[in-house]
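Enquirer: Following this line is target.txt, made up of compact mmCIF, C-alpha atoms and all ligand atoms:
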```txt
# COMPACT_ATOMS: atom_id res chain seq x y z
CA MET A 1 32.31 50.24 -58.01
CA ALA A 2 33.32 53.70 -59.21
CA ALA A 3 29.85 55.22 -58.91
CA MET A 4 29.51 54.12 -55.29
CA ASP A 5 33.06 55.19 -54.43
CA ASP A 6 32.14 58.63 -55.75
CA VAL A 7 29.11 58.77 -53.45
CA ARG A 8 31.08 57.67 -50.36
CA ALA A 9 34.15 59.81 -51.01
CA SER A 10 32.26 62.99 -51.89
CA SER A 11 29.88 62.64 -48.91
CA ALA A 12 32.87 62.28 -46.59
CA TRP A 13 34.45 65.33 -48.22
CA VAL A 14 31.35 67.39 -47.40
CA ALA A 15 31.09 66.01 -43.85
CA ALA A 16 34.69 67.10 -43.16
CA ARG A 17 33.87 70.71 -44.14
CA SER A 18 30.28 70.96 -43.08
CA ALA A 19 29.22 74.16 -41.29
CA HIS A 20 25.46 73.82 -40.78
CA VAL A 21 25.23 70.09 -40.03
CA VAL A 22 27.47 68.15 -37.65
CA VAL A 23 27.85 64.38 -37.54
CA ASP A 24 27.98 63.62 -33.81
CA SER A 25 30.21 60.64 -33.10
CA SER A 26 28.88 60.17 -29.58
CA GLY A 27 25.36 60.20 -31.07
CA ILE A 28 26.48 57.45 -33.46
CA GLU A 29 27.90 55.42 -30.54
CA LYS A 30 24.62 55.75 -28.63
CA ALA A 31 22.40 54.90 -31.59
CA VAL A 32 24.54 51.88 -32.40
CA GLU A 33 24.47 50.66 -28.81
CA GLU A 34 20.70 50.66 -28.90
CA ILE A 35 20.38 48.60 -32.05
CA GLN A 36 23.50 46.45 -32.06
CA ASP A 37 21.85 43.33 -30.64
CA SER A 38 18.98 43.37 -33.06
CA ILE A 39 18.80 45.74 -35.96
CA PRO A 40 15.09 46.20 -36.48
CA LYS A 41 14.28 44.33 -39.70
CA VAL A 42 11.71 46.03 -41.87
CA LYS A 43 10.19 44.12 -44.74
CA TRP A 44 10.27 45.74 -48.16
CA ASP A 45 6.70 46.74 -49.06
CA PHE A 46 5.67 46.57 -45.41
CA GLU A 47 2.91 48.93 -46.53
CA GLY A 48 1.51 46.53 -49.18
CA ILE A 49 1.35 49.23 -51.84
CA HIS A 50 3.67 48.04 -54.60
CA TYR A 51 2.99 46.07 -57.77
CA PHE A 52 4.70 42.70 -57.94
CA ASP A 53 4.35 39.83 -60.44
CA ASN A 54 7.88 38.40 -60.21
CA GLY A 55 8.62 39.36 -63.83
CA PRO A 56 9.82 42.10 -66.19
CA LEU A 57 6.66 44.18 -65.75
CA THR A 58 7.60 44.64 -62.09
CA VAL A 59 10.97 46.01 -63.21
CA GLN A 60 9.21 48.46 -65.57
CA TYR A 61 6.91 49.49 -62.71
CA LEU A 62 9.80 50.07 -60.29
CA PHE A 63 11.74 52.11 -62.83
CA VAL A 64 8.75 54.36 -63.53
CA LEU A 65 8.09 54.59 -59.78
CA ASP A 66 11.66 55.68 -59.03
CA ALA A 67 11.68 58.09 -61.97
CA LEU A 68 8.89 59.90 -60.07
CA ASN A 69 10.03 59.20 -56.51
CA PHE A 70 10.62 62.78 -55.35
CA CYS A 71 9.15 65.89 -53.80
CA PHE A 72 5.74 65.01 -52.42
CA TRP A 73 5.67 67.54 -49.58
CA PRO A 74 4.44 70.66 -51.47
CA ASP A 75 0.99 69.04 -51.46
CA LYS A 76 0.32 68.25 -47.83
CA ASP A 77 -2.08 65.41 -48.70
CA LEU A 78 0.28 63.69 -51.12
CA SER A 79 2.85 61.05 -50.15
CA TYR A 80 4.99 58.33 -51.66
CA ASP A 81 2.21 55.83 -50.89
CA HIS A 82 -0.15 57.55 -53.35
CA LEU A 83 2.45 57.25 -56.08
CA ALA A 84 3.29 53.58 -55.46
CA LEU A 85 -0.33 52.55 -55.12
CA GLY A 86 -1.60 54.77 -57.95
CA LEU A 87 0.96 53.35 -60.41
CA LYS A 88 0.19 49.82 -59.21
CA GLU A 89 -3.54 50.23 -59.86
CA ALA A 90 -2.88 51.85 -63.22
CA LEU A 91 -0.77 48.85 -64.24
CA GLN A 92 -3.34 46.34 -62.99
CA ASN A 93 -5.99 48.06 -65.15
CA ASP A 94 -3.81 48.29 -68.24
CA LYS A 95 -0.69 46.14 -68.63
CA SER A 96 0.71 48.36 -71.40
CA VAL A 97 0.40 51.64 -69.53
CA PHE A 98 4.19 51.86 -68.96
CA ASP A 99 5.24 50.75 -72.44
CA SER A 100 8.02 53.02 -73.65
CA ASP A 101 5.97 54.52 -76.51
CA ARG A 102 3.22 55.49 -74.10
CA LEU A 103 5.66 56.97 -71.58
CA GLN A 104 7.03 59.21 -74.33
CA LYS A 105 3.60 60.70 -74.96
CA ILE A 106 2.14 61.01 -71.49
CA THR A 107 0.73 64.42 -70.47
CA GLY A 108 0.31 66.05 -67.06
CA PRO A 109 -3.47 65.56 -66.97
CA GLN A 110 -3.01 61.89 -67.99
CA LEU A 111 -0.48 61.28 -65.21
CA ARG A 112 -2.82 62.93 -62.72
CA GLU A 113 -5.65 60.73 -63.93
CA LEU A 114 -3.50 57.57 -63.61
CA LEU A 115 -2.75 58.49 -60.02
CA LYS A 116 -6.34 59.59 -59.41
CA TRP A 117 -5.00 62.86 -58.09
CA PRO A 118 -7.56 65.69 -58.31
CA ARG A 119 -5.13 68.58 -58.87
CA PRO A 120 -1.75 69.24 -60.47
CA LEU A 121 1.07 67.24 -58.93
CA PRO A 122 4.06 69.04 -57.42
CA LEU A 123 6.62 69.67 -60.19
CA GLU A 124 4.22 68.04 -62.62
CA ASN A 125 5.94 69.33 -65.76
CA GLU A 126 9.23 67.86 -64.58
CA ARG A 127 7.57 64.54 -63.77
CA VAL A 128 6.16 64.40 -67.28
CA ARG A 129 9.46 65.38 -68.85
CA LEU A 130 11.26 62.67 -66.88
CA LEU A 131 8.79 60.03 -68.05
CA HIS A 132 9.35 61.13 -71.64
CA GLU A 133 13.11 60.81 -71.08
CA VAL A 134 12.70 57.33 -69.58
CA GLY A 135 10.48 56.17 -72.45
CA LEU A 136 12.77 57.55 -75.13
CA GLU A 137 16.04 56.20 -73.73
CA LEU A 138 14.54 52.81 -72.87
CA GLU A 139 13.40 52.54 -76.47
CA ARG A 140 16.69 53.79 -77.90
CA SER A 141 19.02 51.61 -75.84
CA PHE A 142 17.08 48.84 -74.08
CA GLU A 143 14.34 47.60 -76.45
CA GLY A 144 11.88 49.68 -74.45
CA LYS A 145 12.36 47.49 -71.38
CA ALA A 146 13.76 48.37 -67.97
CA SER A 147 14.31 44.63 -67.51
CA LYS A 148 16.94 44.77 -70.32
CA LEU A 149 18.65 47.59 -68.51
CA VAL A 150 18.83 45.46 -65.35
CA GLU A 151 19.99 42.40 -67.31
CA SER A 152 22.91 44.37 -68.70
CA CYS A 153 24.37 45.25 -65.28
CA GLY A 154 25.90 41.79 -64.65
CA LYS A 155 24.25 41.35 -61.23
CA SER A 156 26.05 44.41 -59.91
CA ALA A 157 24.09 47.14 -58.13
CA ALA A 158 27.00 49.55 -58.59
CA ASN A 159 26.98 48.87 -62.35
CA LEU A 160 23.25 49.42 -62.39
CA VAL A 161 23.62 52.82 -60.68
CA ALA A 162 26.37 53.75 -63.16
CA LEU A 163 24.27 52.60 -66.12
CA VAL A 164 21.13 54.41 -64.99
CA THR A 165 22.96 57.67 -64.32
CA ARG A 166 24.86 57.42 -67.61
CA HIS A 167 21.74 56.88 -69.73
CA PHE A 168 19.12 58.93 -67.89
CA PRO A 169 20.13 62.54 -67.04
CA GLY A 170 17.15 62.87 -64.69
CA PHE A 171 18.82 60.36 -62.34
CA ARG A 172 22.13 62.28 -62.14
CA ASP A 173 21.62 63.49 -58.61
CA HIS A 174 24.71 65.55 -57.87
CA SER A 175 25.70 69.03 -56.67
CA VAL A 176 28.76 71.23 -56.54
CA TYR A 177 29.77 72.03 -52.95
CA LYS A 178 32.59 74.47 -52.23
CA GLY A 179 33.84 73.81 -55.75
CA HIS A 180 33.77 70.03 -55.41
CA GLN A 181 31.38 67.70 -57.24
CA VAL A 182 29.24 65.67 -54.85
CA PHE A 183 27.36 62.54 -55.92
CA LEU A 184 24.31 61.39 -54.01
CA TYR A 185 22.38 59.31 -56.59
CA LYS A 186 19.29 58.82 -54.47
CA ARG A 187 16.80 57.59 -57.07
CA ALA A 188 19.30 55.47 -59.00
CA GLN A 189 20.34 53.69 -55.81
CA ILE A 190 16.80 53.24 -54.55
CA PHE A 191 15.92 51.58 -57.86
CA ALA A 192 18.60 48.94 -57.21
CA ALA A 193 17.40 48.58 -53.62
CA ASP A 194 13.76 48.27 -54.70
CA LEU A 195 14.67 45.47 -57.10
CA TRP A 196 16.64 43.70 -54.39
CA GLY A 197 13.78 44.12 -51.91
CA ALA A 198 10.93 43.22 -54.24
CA PHE A 199 12.62 40.17 -55.79
CA GLU A 200 14.16 39.20 -52.44
CA GLY A 201 17.68 39.11 -53.85
CA GLN A 202 16.73 36.68 -56.63
CA GLY A 203 16.25 37.05 -60.39
CA TYR A 204 16.06 40.74 -61.31
CA GLY A 205 16.96 41.51 -57.70
CA GLU A 206 20.14 39.44 -57.55
CA PHE A 207 23.16 41.66 -56.93
CA ASN A 208 26.47 40.31 -55.70
CA ASP A 209 27.45 43.76 -54.39
CA ILE A 210 24.32 45.01 -52.65
CA SER A 211 26.56 46.08 -49.75
CA SER A 212 28.08 48.74 -52.02
CA ILE A 213 24.88 50.80 -51.98
CA THR A 214 24.60 53.70 -49.48
CA ILE A 215 21.45 55.09 -47.92
CA PHE A 216 19.10 57.16 -50.04
CA ALA A 217 19.46 60.80 -49.08
CA ASP A 218 15.91 62.12 -49.06
CA TYR A 219 14.10 64.55 -46.73
CA ILE A 220 13.01 61.92 -44.18
CA VAL A 221 16.31 60.22 -43.24
CA PRO A 222 18.16 63.42 -42.13
CA ALA A 223 15.24 64.27 -39.84
CA VAL A 224 15.34 60.78 -38.27
CA LEU A 225 19.12 60.97 -37.80
CA ARG A 226 18.69 64.29 -36.08
CA GLN A 227 16.04 62.82 -33.79
CA LEU A 228 18.46 59.98 -32.93
CA GLY A 229 21.16 62.51 -32.03
CA VAL A 230 23.36 61.40 -34.91
CA LEU A 231 23.11 64.75 -36.72
CA ARG A 232 23.11 68.20 -35.14
CA TYR A 233 22.07 71.39 -36.94
CA SER A 234 23.27 74.98 -36.55
CA SER A 235 20.68 77.22 -34.89
CA ASP A 236 20.10 79.02 -38.21
CA LEU A 237 19.39 75.80 -40.04
CA ALA A 238 17.22 74.52 -37.21
CA SER A 239 15.06 77.63 -37.30
CA ILE A 240 14.67 77.51 -41.09
CA ILE A 241 13.41 73.93 -40.84
CA GLU A 242 11.19 74.71 -37.89
CA ALA A 243 9.59 77.61 -39.78
CA ASN A 244 9.06 75.36 -42.83
CA ARG A 245 11.10 77.78 -44.91
CA GLU A 246 12.41 76.42 -48.18
CA ILE A 247 16.08 75.56 -48.59
CA GLY A 248 17.46 76.10 -52.09
CA SER A 249 18.47 73.11 -54.16
CA GLY A 250 22.25 72.91 -54.29
CA SER A 251 22.72 75.29 -51.35
CA GLU A 252 25.42 74.42 -48.83
CA GLU A 253 22.77 73.62 -46.23
CA GLU A 254 20.98 71.23 -48.52
CA VAL A 255 24.09 69.40 -49.68
CA GLU A 256 25.31 69.11 -46.08
CA LEU A 257 21.99 67.64 -44.88
CA ARG A 258 22.12 64.96 -47.53
CA ALA A 259 25.84 64.19 -47.65
CA CYS A 260 26.20 64.11 -43.85
CA SER A 261 23.29 61.64 -43.69
CA ILE A 262 25.09 59.27 -46.06
CA TYR A 263 28.39 59.69 -44.22
CA ALA A 264 26.80 59.21 -40.76
CA VAL A 265 25.05 55.98 -41.73
CA GLU A 266 28.28 54.65 -43.27
CA LYS A 267 29.95 55.34 -39.91
CA MET A 268 27.08 53.62 -38.06
CA ARG A 269 27.48 50.69 -40.33
CA GLU A 270 31.24 50.42 -39.72
CA LEU A 271 30.71 50.54 -35.98
CA LEU A 272 27.92 47.98 -36.11
CA SER A 273 30.06 45.50 -38.03
CA LYS A 274 33.00 46.09 -35.69
CA LYS A 275 30.83 45.39 -32.66
CA SER A 276 28.82 42.47 -33.94
CA GLY A 277 31.25 41.03 -36.48
CA ASN A 278 28.38 40.89 -38.97
CA GLN A 279 28.09 42.95 -42.08
CA VAL A 280 25.16 45.32 -42.01
CA LEU A 281 23.71 46.67 -45.23
CA SER A 282 22.92 50.33 -45.76
CA VAL A 283 19.75 49.24 -47.55
CA GLU A 284 18.55 47.62 -44.32
CA LEU A 285 19.50 50.59 -42.17
CA ASP A 286 17.82 52.92 -44.63
CA LEU A 287 14.53 51.04 -44.62
CA TRP A 288 14.52 50.96 -40.83
CA LEU A 289 15.30 54.70 -40.53
CA TRP A 290 12.84 55.68 -43.25
CA SER A 291 9.93 53.58 -41.99
CA PHE A 292 10.54 54.98 -38.50
CA GLY A 293 10.51 58.51 -39.95
CA ILE A 294 7.27 58.30 -41.86
CA GLN A 295 5.48 56.86 -38.85
CA CYS A 296 6.63 59.71 -36.68
CA GLN A 297 3.99 62.43 -37.13
CA SER A 298 5.89 65.17 -35.32
CA LEU A 299 9.05 64.89 -37.43
CA GLN A 300 9.84 68.11 -39.29
CA HIS A 301 11.87 67.76 -42.45
CA HIS A 302 13.71 70.19 -44.70
CA ARG A 303 11.92 71.47 -47.75
CA THR A 304 13.74 71.74 -51.05
CA LEU A 305 12.14 71.78 -54.47
CA SER A 306 14.12 69.04 -56.16
CA ILE A 307 13.63 66.38 -58.79
CA TYR A 308 16.17 64.13 -57.06
CA TYR A 309 14.37 63.19 -53.84
N1 LIG A 401 15.58 56.97 -47.76
C1 LIG A 401 14.46 56.55 -48.30
N2 LIG A 401 13.59 57.44 -48.84
C2 LIG A 401 12.45 56.98 -49.38
C3 LIG A 401 12.11 55.64 -49.41
C4 LIG A 401 10.87 55.53 -50.05
C5 LIG A 401 10.04 54.32 -50.30
N3 LIG A 401 10.78 53.13 -50.44
C6 LIG A 401 10.01 51.93 -50.48
C7 LIG A 401 10.84 50.75 -50.60
C8 LIG A 401 10.40 49.76 -49.77
C9 LIG A 401 9.49 50.24 -48.78
O1 LIG A 401 8.44 49.39 -48.56
C10 LIG A 401 9.18 51.66 -49.25
O2 LIG A 401 7.88 51.85 -49.66
C11 LIG A 401 10.49 56.82 -50.39
N4 LIG A 401 11.45 57.68 -49.98
C12 LIG A 401 11.46 59.14 -50.00
O3 LIG A 401 10.74 59.59 -48.86
C13 LIG A 401 10.14 60.85 -49.14
C14 LIG A 401 8.64 60.70 -49.13
O4 LIG A 401 8.11 61.05 -47.93
P1 LIG A 401 6.53 61.42 -47.82
O5 LIG A 401 6.36 62.77 -48.49
O6 LIG A 401 6.30 61.43 -46.32
O7 LIG A 401 5.78 60.32 -48.50
C15 LIG A 401 10.57 61.21 -50.57
O8 LIG A 401 11.77 61.94 -50.54
C16 LIG A 401 10.79 59.84 -51.15
O9 LIG A 401 11.63 59.90 -52.30
C17 LIG A 401 13.02 54.69 -48.81
O10 LIG A 401 12.83 53.48 -48.76
N5 LIG A 401 14.17 55.22 -48.28
```
Please re-express this file's structure in structure tokens.

Expert:
Amino acid sequence: MAAMDDVRASSAWVAARSAHVVVDSSGIEKAVEEIQDSIPKVKWDFEGIHYFDNGPLTVQYLFVLDALNFCFWPDKDLSYDHLALGLKEALQNDKSVFDSDRLQKITGPQLRELLKWPRPLPLENERVRLLHEVGLELERSFEGKASKLVESCGKSAANLVALVTRHFPGFRDHSVYKGHQVFLYKRAQIFAADLWGAFEGQGYGEFNDISSITIFADYIVPAVLRQLGVLRYSSDLASIIEANREIGSGSEEEVELRACSIYAVEKMRELLSKKSGNQVLSVELDLWLWSFGIQCQSLQHHRTLSIYY
């Protein structure tokens, strides 16, 4: 559980000292009141864009997908959907496309071609480097297979997050805030959640501690939480976001946006279980918040160049 305790404790630490973002407890009460009778259930892959064959190749696909699941906004026409669908089609055309030896050799133009994207991808060199890292470490420690990585976590999502962040530096999503190390682990956690969602809690998606996962702090969820009145921003931060000005990776503003989102949803979750007596999963709340966010055209989000989300 240690990896998930780190995420919860360090997010709470930030929320207690946050200057630019406020978690509004009356906003939480209101949001919870609205959804307590029926938390809107959103089906994983509601978009119908992911590869799924119920076997190890799906695990390889999801790991590659989540290795690249970040920073789409610098290209206004690009979104997560293009990535999920592009990788799915690439795999359908060539079952060995994500073999670890091929990942280690992939180039920017090849990745672009796989995704049928006509111009360089945002942070393309980093995306390529991360695929090389994934290929190399999978080969070195897991017989080239992401499915072996998942098999070695003993049906624990928290172990999987710990294992992924230990072996793959590109997944070590953390910052230092006011001298304190803060763990957010967005892509490592979403990998566990994607397995759970895709395999419907069975086989490679069976985790006996899926409730230990938090939400995935990206650039959509904070914007939704703000819209719901759960988060409030300082006027300076609000005007930076409104003007589409970039926020530096690791800046106090950026860490607060992400950590306060995790903390606020944990609070929502506590309140929901207190009121209904049922345990609510962060994974479910995340998917509801995120799917609401991407369907909301007018939602403005913060812009940070980051490989983590
Ligand atoms: N919190 C959270 N963030 C998520 C996802 C997903 C996709 N999850 C899949 C799993 C099952 C579903 O069926 C989904 O397809 C992507 N993102 C993040 O959003 C941003 C992309 O935005 P835009 O540029 O507009 O496409 C980017 O930071 C990306 O990393 C999620 O579920 N939760």

Enquirer: Please check which protein, DNA or RNA residues sit within 9 Å of ligand LIG 401 (chain A), counting all atoms listed in the file, and write them as a ChimeraX atom specification.

Expert: /A:42-50,66,68-84,186-187,190-191,193-194,197-198,215-222,283,286-291,293-295,308-309

Enquirer: Return the single residue from A:Tyr61, A:Phe292, A:Phe207, A:Tyr177 that is closest to A:Ala259, with distances computed using only C-alpha atoms.

Expert: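 Comparing A:Tyr61, A:Phe292, A:Phe207, A:Tyr177 against A:Ala259, the winner is A:Tyr177.
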
Enquirer: Using all atoms listed in the file, which residues sit within 10 Å of stretch 235-250 of chain A once same-chain residues fewer than 2 positions away are excluded, as a PDB file with C-alpha atoms, in the frame of the given file?

Expert:
```pdb
ATOM      1  CA  HIS A  20      25.460  73.820 -40.780  1.00  0.00           C
ATOM      2  CA  VAL A  21      25.230  70.090 -40.030  1.00  0.00           C
ATOM      3  CA  HIS A 174      24.710  65.550 -57.870  1.00  0.00           C
ATOM      4  CA  SER A 175      25.700  69.030 -56.670  1.00  0.00           C
ATOM      5  CA  VAL A 176      28.760  71.230 -56.540  1.00  0.00           C
ATOM      6  CA  TYR A 177      29.770  72.030 -52.950  1.00  0.00           C
ATOM      7  CA  ALA A 223      15.240  64.270 -39.840  1.00  0.00           C
ATOM      8  CA  ARG A 232      23.110  68.200 -35.140  1.00  0.00           C
ATOM      9  CA  TYR A 233      22.070  71.390 -36.940  1.00  0.00           C
ATOM     10  CA  GLU A 252      25.420  74.420 -48.830  1.00  0.00           C
ATOM     11  CA  GLU A 253      22.770  73.620 -46.230  1.00  0.00           C
ATOM     12  CA  GLU A 254      20.980  71.230 -48.520  1.00  0.00           C
ATOM     13  CA  VAL A 255      24.090  69.400 -49.680  1.00  0.00           C
ATOM     14  CA  GLU A 256      25.310  69.110 -46.080  1.00  0.00           C
ATOM     15  CA  LEU A 257      21.990  67.640 -44.880  1.00  0.00           C
ATOM     16  CA  GLN A 300       9.840  68.110 -39.290  1.00  0.00           C
ATOM     17  CA  HIS A 301      11.870  67.760 -42.450  1.00  0.00           C
ATOM     18  CA  HIS A 302      13.710  70.190 -44.700  1.00  0.00           C
ATOM     19  CA  ARG A 303      11.920  71.470 -47.750  1.00  0.00           C
ATOM     20  CA  THR A 304      13.740  71.740 -51.050  1.00  0.00           C
ATOM     21  CA  LEU A 305      12.140  71.780 -54.470  1.00  0.00           C
ATOM     22  CA  SER A 306      14.120  69.040 -56.160  1.00  0.00           C
ATOM     23  CA  ILE A 307      13.630  66.380 -58.790  1.00  0.00           C
ATOM     24  CA  TYR A 308      16.170  64.130 -57.060  1.00  0.00           C
TER      25      TYR A 308
END
```

Enquirer: I need the residue nearest A:Val280 from this list: A:Ile35, A:Val22, A:Met4, A:Ile28. Use only C-alpha atoms for the distance.

Expert: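 That would be A:Ile35, the residue with the smallest distance to A:Val280.
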
Enquirer: Using all atoms listed in the file - which residues lie no farther than 12 Å from the point (-0.6, 51.5, -61.8) in the file's frame? Write them as a PDB file with C-alpha atoms, keeping the file's coordinate frame.

Expert:
```
ATOM      1  CA  ILE A  49       1.350  49.230 -51.840  1.00  0.00           C
ATOM      2  CA  HIS A  50       3.670  48.040 -54.600  1.00  0.00           C
ATOM      3  CA  TYR A  51       2.990  46.070 -57.770  1.00  0.00           C
ATOM      4  CA  PHE A  52       4.700  42.700 -57.940  1.00  0.00           C
ATOM      5  CA  LEU A  57       6.660  44.180 -65.750  1.00  0.00           C
ATOM      6  CA  THR A  58       7.600  44.640 -62.090  1.00  0.00           C
ATOM      7  CA  GLN A  60       9.210  48.460 -65.570  1.00  0.00           C
ATOM      8  CA  TYR A  61       6.910  49.490 -62.710  1.00  0.00           C
ATOM      9  CA  LEU A  62       9.800  50.070 -60.290  1.00  0.00           C
ATOM     10  CA  VAL A  64       8.750  54.360 -63.530  1.00  0.00           C
ATOM     11  CA  LEU A  65       8.090  54.590 -59.780  1.00  0.00           C
ATOM     12  CA  HIS A  82      -0.150  57.550 -53.350  1.00  0.00           C
ATOM     13  CA  LEU A  83       2.450  57.250 -56.080  1.00  0.00           C
ATOM     14  CA  ALA A  84       3.290  53.580 -55.460  1.00  0.00           C
ATOM     15  CA  LEU A  85      -0.330  52.550 -55.120  1.00  0.00           C
ATOM     16  CA  GLY A  86      -1.600  54.770 -57.950  1.00  0.00           C
ATOM     17  CA  LEU A  87       0.960  53.350 -60.410  1.00  0.00           C
ATOM     18  CA  LYS A  88       0.190  49.820 -59.210  1.00  0.00           C
ATOM     19  CA  GLU A  89      -3.540  50.230 -59.860  1.00  0.00           C
ATOM     20  CA  ALA A  90      -2.880  51.850 -63.220  1.00  0.00           C
ATOM     21  CA  LEU A  91      -0.770  48.850 -64.240  1.00  0.00           C
ATOM     22  CA  GLN A  92      -3.340  46.340 -62.990  1.00  0.00           C
ATOM     23  CA  ASN A  93      -5.990  48.060 -65.150  1.00  0.00           C
ATOM     24  CA  ASP A  94      -3.810  48.290 -68.240  1.00  0.00           C
ATOM     25  CA  LYS A  95      -0.690  46.140 -68.630  1.00  0.00           C
ATOM     26  CA  SER A  96       0.710  48.360 -71.400  1.00  0.00           C
ATOM     27  CA  VAL A  97       0.400  51.640 -69.530  1.00  0.00           C
ATOM     28  CA  PHE A  98       4.190  51.860 -68.960  1.00  0.00           C
ATOM     29  CA  LEU A 111      -0.480  61.280 -65.210  1.00  0.00           C
ATOM     30  CA  ARG A 112      -2.820  62.930 -62.720  1.00  0.00           C
ATOM     31  CA  GLU A 113      -5.650  60.730 -63.930  1.00  0.00           C
ATOM     32  CA  LEU A 114      -3.500  57.570 -63.610  1.00  0.00           C
ATOM     33  CA  LEU A 115      -2.750  58.490 -60.020  1.00  0.00           C
ATOM     34  CA  LYS A 116      -6.340  59.590 -59.410  1.00  0.00           C
TER      35      LYS A 116
END
```

Enquirer: May I have the centre and edge lengths, in Å to one decimal, of an axis-aligned box around the listed atoms of stretch 208-224 of chain A with 3 Å added to every side, as lines of an AutoDock Vina configuration file?

Expert:
```
center_x = 20.5
center_y = 52.4
center_z = -47.0
size_x = 21.1
size_y = 30.2
size_z = 23.4
```

Enquirer: Just checking: using all atoms listed in the file, which residue out of A:Val182, A:Met268, A:Cys296, A:Val164 ends up closest to A:Gln36?

Expert: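 Nearest to A:Gln36: A:Met268.
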
Enquirer: Record the distance separating atom CA of A:Leu123 and atom CA of A:Arg166, expressed in Å with one decimal.

Expert: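 Atom CA of A:Arg166 lies at a distance of 23.2 Å from atom CA of A:Leu123.
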
Enquirer: Out of A:Val230, A:Ala192, A:Leu281, A:Ala162, which residue has the shortest atom-to-atom distance to A:Tyr263 when counting all atoms listed in the file?

Expert: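 Nearest candidate to A:Tyr263 out of A:Val230, A:Ala192, A:Leu281, A:Ala162: A:Val230.
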
Enquirer: Show which residues sit within 8 Å of stretch 145-159 of chain A, as a ChimeraX atom specification. Count all atoms listed in the file, and ignore same-chain residues fewer than 2 positions away.

Expert: /A:1-4,56-57,59-60,63,99-100,138-139,142-143,161-163,189,192,204,206-210,212-213

Enquirer: Could you save the residues just selected, with C-alpha atoms, as an mmCIF file, keeping the file's coordinate frame?

Expert:
```cif
data_model
loop_
_atom_site.group_PDB
_atom_site.id
_atom_site.type_symbol
_atom_site.label_atom_id
_atom_site.label_comp_id
_atom_site.auth_asym_id
_atom_site.auth_seq_id
_atom_site.Cartn_x
_atom_site.Cartn_y
_atom_site.Cartn_z
ATOM 1 C CA MET A 1 32.310 50.240 -58.010
ATOM 2 C CA ALA A 2 33.320 53.700 -59.210
ATOM 3 C CA ALA A 3 29.850 55.220 -58.910
ATOM 4 C CA MET A 4 29.510 54.120 -55.290
ATOM 5 C CA PRO A 56 9.820 42.100 -66.190
ATOM 6 C CA LEU A 57 6.660 44.180 -65.750
ATOM 7 C CA VAL A 59 10.970 46.010 -63.210
ATOM 8 C CA GLN A 60 9.210 48.460 -65.570
ATOM 9 C CA PHE A 63 11.740 52.110 -62.830
ATOM 10 C CA ASP A 99 5.240 50.750 -72.440
ATOM 11 C CA SER A 100 8.020 53.020 -73.650
ATOM 12 C CA LEU A 138 14.540 52.810 -72.870
ATOM 13 C CA GLU A 139 13.400 52.540 -76.470
ATOM 14 C CA PHE A 142 17.080 48.840 -74.080
ATOM 15 C CA GLU A 143 14.340 47.600 -76.450
ATOM 16 C CA VAL A 161 23.620 52.820 -60.680
ATOM 17 C CA ALA A 162 26.370 53.750 -63.160
ATOM 18 C CA LEU A 163 24.270 52.600 -66.120
ATOM 19 C CA GLN A 189 20.340 53.690 -55.810
ATOM 20 C CA ALA A 192 18.600 48.940 -57.210
ATOM 21 C CA TYR A 204 16.060 40.740 -61.310
ATOM 22 C CA GLU A 206 20.140 39.440 -57.550
ATOM 23 C CA PHE A 207 23.160 41.660 -56.930
ATOM 24 C CA ASN A 208 26.470 40.310 -55.700
ATOM 25 C CA ASP A 209 27.450 43.760 -54.390
ATOM 26 C CA ILE A 210 24.320 45.010 -52.650
ATOM 27 C CA SER A 212 28.080 48.740 -52.020
ATOM 28 C CA ILE A 213 24.880 50.800 -51.980
#
```

Enquirer: Rounded to one decimal, what separation in Å do you get between atom CA of A:His180 and atom CA of A:Leu160?

Expert: 24.2 Å

Enquirer: Please, what distance in Å, to one decimal, runs between atom CA of A:Arg140 and atom CA of A:Leu103?

Expert: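 Distance between the two atoms: 13.1 Å.
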